[in-house]
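> Please find one structure pasted underneath; my questions will follow.
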Amino acid sequence: MQYSEKVMDHFMNPRNVGEIEDASGVGTVGNPKCGDIMKIYLKIDGDVVVDAKFKTFGCGAAVATSSMATELIIGKTIQEALKITNKSVMEALDGLPPVKVHCSCLAEQALQSALWDYAQKNNITIEGLKPPKEDVDHHHHHEE
Ligand code: FES
């Protein structure tokens with residue numbers, strides 16, 4: 001399997017690992033296929049994501065995509081953050097092998113789930129944001 005230099009770099013030296021204690025939003029998602037879990041913490045100030053950290057219990061591609069996703073989201077407005085997809089994360093990493101593409105979806109879902117959590121906590125609606133599909137925490141129940 002062929003990994004780009006960027007994937008290897010983010011896997012070996014992941015950026016923004018850890019947690020944010022007073023996070024504005026936390027998103028936890030699990031990949032039902034492999035059982036890997038990713039948790040992303042966001043600190044949002046006004047309309048801007050000022051910090052992001054992650055913990056990933058998963059494969060190398062999941063670690064690399066979480067690392068890149070946190071790098072991409074820091075400094076973005078909420079609307080810009082919503083446009084971060086697994087594709088943009090993969091592009092920033094110079095691609096992933098096809099069998100590993102599903103791992104990058106975890107990063108996109110975790111970001112969206114953290115934004116959703118932020119919206120719920122603040123009782124706001126973020127235009128274009130859909131409720132997360134997977135929430136392995138089940139701390140709060142979303143009625144749909
Ligand atoms: Fe599970 Fe990559 S194999 S996220």
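Going by the structure tokens order, chains are called A, B, ..., each with residues numbered from 1, while ligands are numbered from 1 in the order shown.
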Can you check which parts of chain A lie within 7 Å of ligand 1? Per residue, the shortest pair of atoms and distance in Å to one decimal, counting only C-alpha atoms and all ligand atoms, sorted by chain and number, as a Markdown table.


```
| residue | atom | partner | partner_atom_place_in_ligand_line | distance |
| --- | --- | --- | --- | --- |
| A:Asn31 | CA | ligand 1 | 1 (Fe) | 6.1 |
| A:Cys34 | CA | ligand 1 | 1 (Fe) | 4.6 |
| A:Gly35 | CA | ligand 1 | 1 (Fe) | 6.3 |
| A:Asp36 | CA | ligand 1 | 1 (Fe) | 4.7 |
| A:Gly58 | CA | ligand 1 | 4 (S) | 5.5 |
| A:Cys59 | CA | ligand 1 | 2 (Fe) | 4.6 |
| A:Gly60 | CA | ligand 1 | 2 (Fe) | 6.8 |
| A:Ala61 | CA | ligand 1 | 2 (Fe) | 5.6 |
| A:Ala62 | CA | ligand 1 | 4 (S) | 4.8 |
| A:Lys100 | CA | ligand 1 | 2 (Fe) | 6.0 |
| A:His102 | CA | ligand 1 | 4 (S) | 6.7 |
| A:Cys103 | CA | ligand 1 | 4 (S) | 3.8 |
| A:Leu106 | CA | ligand 1 | 4 (S) | 6.7 |
```

> Can you check which residues of chain A DSSP gives as strand (DSSP E or B) on the backbone and send them as a PyMOL selection string?

chain A and resi 17+25-30+37-45+48-57+77

> So which bits of chain A end up helix (DSSP H, G or I) when you DSSP the backbone, as a PyMOL selection string?

chain A and resi 5-12+60-73+78-82+86-92+98-121

> What is the distance, in Å and to one decimal place, between CA of Lys121 (chain A) and CA of Thr56 (chain A)?

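That distance, rounded to one decimal, is 23.3 Å.
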
> With distances taken over only C-alpha atoms, which residue among A:Asn16, A:Val99, A:Ser24, A:Met8 lies nearest Gln120 (chain A)?

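Of the candidates, the smallest distance to Gln120 (chain A) is held by A:Ser24.
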
> Select, from A:Lys39, A:Lys87, A:Lys76, A:His10, the residue with the minimum atom-to-atom distance to Asp51 (chain A), counting only C-alpha atoms.

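With only C-alpha atoms as the atom set, the closest residue is A:Lys76.
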
> Pick from A:Gly18, A:Pro131, A:Pro32, A:Gly46: nearest to Gly75 (chain A), with only C-alpha atoms counted?

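Residue with the minimum atom-to-atom distance to Gly75 (chain A): A:Gly46.
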
> Give the answer as one residue: which of A:Leu129, A:Met12, A:Val48, A:Met68 has the shortest atom-to-atom distance to Gly95 (chain A), using only C-alpha atoms?

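Closest candidate: A:Met68.
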
> Residues within 9 Å of Gly25 (chain A), please, as a list in words. Count only C-alpha atoms; anything in the same chain fewer than 2 positions from it doesn't count.

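Residues near the query, excluding close chain neighbours: Asp22, Ala23, Gly27, Ile40, Tyr41, Leu42, Lys43, Ile44, Ser113, Ala114, Leu115, Trp116, Asp117, Tyr118, Ala119, Gln120 and Lys121 of chain A.
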
> A:Ala64, A:Ile126, A:Asp9, A:Leu72: which is nearest Asp47 (chain A), counting only C-alpha atoms?

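Of all the options, A:Ile126 lies closest to Asp47 (chain A).
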
> Choose the residue, out of A:Met90, A:Ser104, A:Pro14, A:Lys33, that has the smallest atom-to-atom separation from Phe54 (chain A); count only C-alpha atoms.

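When distances to Phe54 (chain A) are compared using only C-alpha atoms, the smallest one comes from A:Pro14.
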